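Worksheet: the structure to be examined is printed underneath.
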Amino acid sequence: MKLANLEGRATILAEGGGIDLERASGGRFGPDVQALYDDWDEVREVAAGLGGAEVTPFDEARLGSPVPAPRQVFAIGLNYRSHAEESGMDVPSVPATFTKFPASLAGPFDDVEVAGATVDWEVELVAVIGARADRVAEADGWSHVAGLTVGQDISERTVQFAAGSQFSLGKSYRGFGPMGPWVVTPDELTDPDDLALGCSIDGVTVQDARTSDLIFSVPRLVAELSAVLPLLPGDVIFTGTPAGVGITSKPPRFLQVGETLESWIEGIGTIRNHFVAAAG
Ligand code: ZN
């Protein structure tokens with residue numbers, strides 16, 4: 001199943017378009033996508049029975065974030081060997097965890113403001129929690145995941161490394177967490193632990209890797225994080241980025257007004273964000 005947020009209305013993808021979940025379920029579910037993660041098993045059950053429902057074509061530019069208001073946003077640094085190496089950092093023994101404040105999240109095709117001179121890209125697999133996870137074993141990790149989506153952990157590097165380190169603030173400017181285009185349930189993927197991912201700037205690929213290179217896999221992250229605190233339905237985990245970010249390019253390069261960043265993951269889809277001047 002693929003779940004999208006079409007202008008604020010929960011929409012199940014189908015051949016040729018989308019099915020409005022509120023209408024097709026006779027009002028069993030409301031239009032709010034975020035609320036569905038609290039009731040995920042039933043959503044899946046109802047969605048599986050929508051065979052004859054009305055399918056309406058839509059323009060993907062109308063899509064908002066498929067996880068618009070998570071209660072908790074976890075993000076993991078240095079979770080690919082290739083990125084730890086290019087950053088000159090040791091591979092961590094525990095997940096290097098920070099947050100992106102929820103108000104920085106954005107839709108898959110939203111414009112993003114260039115908030116400083118050192119705005120960088122980080123394509124990431126994002127896992128969405130579908131069942132409360134509290135002290136979950138790694139072997140049970142996937143059963144607490146509703147689905148996967150494409151994310152960008154956009155980062156203002158100067159702020160990120162200011163005052164010792166300010167990861168959460170430097171990665172939380174307006175629009176710095178685009179996600180989408182939809183959430184895909186793990187059963188739709190041949191191997192949810194091994195997906196190609198990458199991103200390009202104005203059509204030139206800058207990151208190109210596989211999620212099988214993650215140091216801490218999705219189920220391992222569910223285990224590690226839920227050993228510390230409960231993960232709640234509708235929470236997201238930005239799982240980290242592979243090599244190829246701007247700050248470690250030679251010479252370093254950063255996102256400029258007018259550039260378009262396209263980010264993709266095999267079996268999920270592509271998001272596209274245009275960079276615009278910051279409001280005064
Ligand atoms: Zn990141």
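Here's how to read the names in the structure tokens: chain A, B, ... by the order shown, residue numbers from 1 in each chain, ligand numbers from 1 in the order shown.
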
Those of region 47-262 of chain A in DSSP helix (DSSP H, G or I), formatted as JSON, numbers by chain:
{"A": [47, 48, 60, 61, 62, 81, 82, 83, 84, 85, 86, 102, 103, 104, 138, 139, 140, 141, 142, 143, 144, 157, 158, 159, 160, 167, 168, 169, 170, 186, 187, 188, 211, 212, 213, 218, 219, 220, 221, 222, 223, 224, 225, 226]}

Residues as selected, C-alpha atoms, written as an mmCIF file, in the first residue's frame, can you do that?
data_model
loop_
_atom_site.group_PDB
_atom_site.id
_atom_site.type_symbol
_atom_site.label_atom_id
_atom_site.label_comp_id
_atom_site.auth_asym_id
_atom_site.auth_seq_id
_atom_site.Cartn_x
_atom_site.Cartn_y
_atom_site.Cartn_z
ATOM 1 C CA ALA A 47 -7.278 -0.210 2.180
ATOM 2 C CA ALA A 48 -6.889 -3.829 1.061
ATOM 3 C CA GLU A 60 1.859 15.122 -7.835
ATOM 4 C CA ALA A 61 2.666 18.805 -7.205
ATOM 5 C CA ARG A 62 -0.449 18.863 -4.980
ATOM 6 C CA ARG A 81 30.581 4.043 6.408
ATOM 7 C CA SER A 82 31.107 6.040 3.204
ATOM 8 C CA HIS A 83 29.786 9.232 4.847
ATOM 9 C CA ALA A 84 31.685 8.682 8.128
ATOM 10 C CA GLU A 85 34.879 8.265 6.064
ATOM 11 C CA GLU A 86 34.324 11.370 3.924
ATOM 12 C CA PRO A 102 8.662 19.107 13.460
ATOM 13 C CA ALA A 103 7.862 22.624 12.175
ATOM 14 C CA SER A 104 10.821 22.299 9.757
ATOM 15 C CA GLU A 138 15.849 -5.938 16.650
ATOM 16 C CA ALA A 139 14.164 -9.085 15.299
ATOM 17 C CA ASP A 140 10.766 -7.406 15.841
ATOM 18 C CA GLY A 141 11.824 -3.986 14.533
ATOM 19 C CA TRP A 142 10.149 -4.128 11.135
ATOM 20 C CA SER A 143 6.772 -5.073 12.660
ATOM 21 C CA HIS A 144 6.667 -1.615 14.284
ATOM 22 C CA ARG A 157 26.463 23.583 8.047
ATOM 23 C CA THR A 158 27.657 26.797 9.684
ATOM 24 C CA VAL A 159 24.887 26.683 12.279
ATOM 25 C CA GLN A 160 25.184 22.888 12.593
ATOM 26 C CA PHE A 167 22.747 19.703 14.797
ATOM 27 C CA SER A 168 19.076 20.028 15.682
ATOM 28 C CA LEU A 169 18.920 23.770 14.999
ATOM 29 C CA GLY A 170 21.107 23.770 11.873
ATOM 30 C CA PRO A 186 7.552 -2.681 3.540
ATOM 31 C CA ASP A 187 5.669 -5.617 1.948
ATOM 32 C CA GLU A 188 5.661 -3.720 -1.395
ATOM 33 C CA THR A 211 20.513 1.230 2.183
ATOM 34 C CA SER A 212 22.174 -2.163 2.712
ATOM 35 C CA ASP A 213 25.254 -0.074 3.590
ATOM 36 C CA VAL A 218 15.952 0.205 10.303
ATOM 37 C CA PRO A 219 15.097 -2.650 12.729
ATOM 38 C CA ARG A 220 18.316 -2.039 14.671
ATOM 39 C CA LEU A 221 17.422 1.667 15.011
ATOM 40 C CA VAL A 222 13.955 0.744 16.295
ATOM 41 C CA ALA A 223 15.658 -1.467 18.894
ATOM 42 C CA GLU A 224 18.343 1.056 19.893
ATOM 43 C CA LEU A 225 16.002 4.053 20.130
ATOM 44 C CA SER A 226 13.137 2.178 21.818
#

Fewer than 3 positions away in the same chain doesn't count, so skip those; otherwise give me all residues within 6 Å of region 269-279 of chain A, counting only C-alpha atoms, as a PyMOL selection string.
chain A and resi 108-115+181+257-265

Could those residues be written to a file, using N, CA, C and O atoms, as a PDB file, in the first residue's frame?
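Final file, part.pdb:
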ATOM      1  N   PRO A 108       6.824  16.949  -0.401  1.00  0.00           N
ATOM      2  CA  PRO A 108       7.803  16.393  -1.339  1.00  0.00           C
ATOM      3  C   PRO A 108       8.181  17.319  -2.492  1.00  0.00           C
ATOM      4  O   PRO A 108       9.244  17.132  -3.090  1.00  0.00           O
ATOM      5  N   PHE A 109       7.317  18.294  -2.809  1.00  0.00           N
ATOM      6  CA  PHE A 109       7.612  19.177  -3.949  1.00  0.00           C
ATOM      7  C   PHE A 109       7.609  20.644  -3.523  1.00  0.00           C
ATOM      8  O   PHE A 109       7.459  21.531  -4.359  1.00  0.00           O
ATOM      9  N   ASP A 110       7.775  20.879  -2.215  1.00  0.00           N
ATOM     10  CA  ASP A 110       7.782  22.252  -1.709  1.00  0.00           C
ATOM     11  C   ASP A 110       9.094  22.967  -2.066  1.00  0.00           C
ATOM     12  O   ASP A 110      10.158  22.339  -2.129  1.00  0.00           O
ATOM     13  N   ASP A 111       8.994  24.281  -2.254  1.00  0.00           N
ATOM     14  CA  ASP A 111      10.195  25.107  -2.372  1.00  0.00           C
ATOM     15  C   ASP A 111      10.869  25.182  -1.002  1.00  0.00           C
ATOM     16  O   ASP A 111      10.198  25.125   0.025  1.00  0.00           O
ATOM     17  N   VAL A 112      12.183  25.303  -1.014  1.00  0.00           N
ATOM     18  CA  VAL A 112      12.941  25.428   0.232  1.00  0.00           C
ATOM     19  C   VAL A 112      13.775  26.708   0.166  1.00  0.00           C
ATOM     20  O   VAL A 112      14.433  26.968  -0.853  1.00  0.00           O
ATOM     21  N   GLU A 113      13.751  27.483   1.249  1.00  0.00           N
ATOM     22  CA  GLU A 113      14.537  28.716   1.293  1.00  0.00           C
ATOM     23  C   GLU A 113      16.016  28.396   1.523  1.00  0.00           C
ATOM     24  O   GLU A 113      16.349  27.538   2.356  1.00  0.00           O
ATOM     25  N   VAL A 114      16.881  29.085   0.821  1.00  0.00           N
ATOM     26  CA  VAL A 114      18.322  28.988   1.062  1.00  0.00           C
ATOM     27  C   VAL A 114      18.613  29.878   2.273  1.00  0.00           C
ATOM     28  O   VAL A 114      18.747  31.088   2.162  1.00  0.00           O
ATOM     29  N   ALA A 115      18.698  29.237   3.445  1.00  0.00           N
ATOM     30  CA  ALA A 115      18.713  29.986   4.713  1.00  0.00           C
ATOM     31  C   ALA A 115      20.092  30.502   5.093  1.00  0.00           C
ATOM     32  O   ALA A 115      20.240  31.182   6.108  1.00  0.00           O
ATOM     33  N   PRO A 181       7.322  10.891  -1.935  1.00  0.00           N
ATOM     34  CA  PRO A 181       6.033  11.510  -2.229  1.00  0.00           C
ATOM     35  C   PRO A 181       4.874  10.828  -1.494  1.00  0.00           C
ATOM     36  O   PRO A 181       3.799  11.385  -1.426  1.00  0.00           O
ATOM     37  N   VAL A 257      20.292  29.533  -4.719  1.00  0.00           N
ATOM     38  CA  VAL A 257      18.974  29.945  -5.210  1.00  0.00           C
ATOM     39  C   VAL A 257      18.860  29.581  -6.689  1.00  0.00           C
ATOM     40  O   VAL A 257      19.793  29.817  -7.463  1.00  0.00           O
ATOM     41  N   GLY A 258      17.743  28.958  -7.061  1.00  0.00           N
ATOM     42  CA  GLY A 258      17.506  28.587  -8.456  1.00  0.00           C
ATOM     43  C   GLY A 258      17.807  27.128  -8.750  1.00  0.00           C
ATOM     44  O   GLY A 258      17.395  26.615  -9.792  1.00  0.00           O
ATOM     45  N   GLU A 259      18.512  26.434  -7.832  1.00  0.00           N
ATOM     46  CA  GLU A 259      18.830  25.027  -8.081  1.00  0.00           C
ATOM     47  C   GLU A 259      17.657  24.118  -7.665  1.00  0.00           C
ATOM     48  O   GLU A 259      16.864  24.468  -6.797  1.00  0.00           O
ATOM     49  N   THR A 260      17.606  22.947  -8.310  1.00  0.00           N
ATOM     50  CA  THR A 260      16.573  21.965  -8.000  1.00  0.00           C
ATOM     51  C   THR A 260      17.244  20.681  -7.524  1.00  0.00           C
ATOM     52  O   THR A 260      18.133  20.145  -8.183  1.00  0.00           O
ATOM     53  N   LEU A 261      16.799  20.211  -6.371  1.00  0.00           N
ATOM     54  CA  LEU A 261      17.333  18.990  -5.756  1.00  0.00           C
ATOM     55  C   LEU A 261      16.300  17.888  -5.934  1.00  0.00           C
ATOM     56  O   LEU A 261      15.150  18.033  -5.514  1.00  0.00           O
ATOM     57  N   GLU A 262      16.715  16.805  -6.586  1.00  0.00           N
ATOM     58  CA  GLU A 262      15.819  15.671  -6.797  1.00  0.00           C
ATOM     59  C   GLU A 262      16.387  14.496  -6.009  1.00  0.00           C
ATOM     60  O   GLU A 262      17.583  14.221  -6.094  1.00  0.00           O
ATOM     61  N   SER A 263      15.522  13.811  -5.245  1.00  0.00           N
ATOM     62  CA  SER A 263      15.980  12.735  -4.357  1.00  0.00           C
ATOM     63  C   SER A 263      15.084  11.528  -4.573  1.00  0.00           C
ATOM     64  O   SER A 263      13.869  11.673  -4.660  1.00  0.00           O
ATOM     65  N   TRP A 264      15.687  10.345  -4.632  1.00  0.00           N
ATOM     66  CA  TRP A 264      14.901   9.160  -4.956  1.00  0.00           C
ATOM     67  C   TRP A 264      15.345   7.952  -4.142  1.00  0.00           C
ATOM     68  O   TRP A 264      16.493   7.881  -3.687  1.00  0.00           O
ATOM     69  N   ILE A 265      14.406   7.016  -3.975  1.00  0.00           N
ATOM     70  CA  ILE A 265      14.723   5.698  -3.419  1.00  0.00           C
ATOM     71  C   ILE A 265      13.958   4.668  -4.239  1.00  0.00           C
ATOM     72  O   ILE A 265      12.761   4.830  -4.514  1.00  0.00           O
TER      73      ILE A 265
END

Could you state the separation of CA of Ser200 (chain A) and CA of Tyr173 (chain A) in Å, given to one decimal place?
21.1 Å

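Taking CA of Leu232 (chain A) and CA of Lys100 (chain A) as the two end points, the separation is 16.0 Å.
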
Apply DSSP to the structure's backbone, then extract all residues of region 23-75 of chain A labelled strand (DSSP E or B) and return them as a ChimeraX atom specification.
/A:56,63-64,73-75

List all protein, DNA and RNA residues that have at least one atom no more than 9 Å from any atom of ligand 1, counting only C-alpha atoms and all ligand atoms, and write them as a PyMOL selection string.
chain A and resi 75-79+121-124+152-155+171+238-242

Do a neighbour search on Ile268 (chain A) at 10 Å with only C-alpha atoms, toss out local chain neighbours closer than 5 positions, and write the hits as a PyMOL selection string.
chain A and resi 2+125+147-150+180-186+188-189+195+197

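A straight line drawn from CA of Val94 (chain A) to CA of Pro70 (chain A) is 23.5 Å long.
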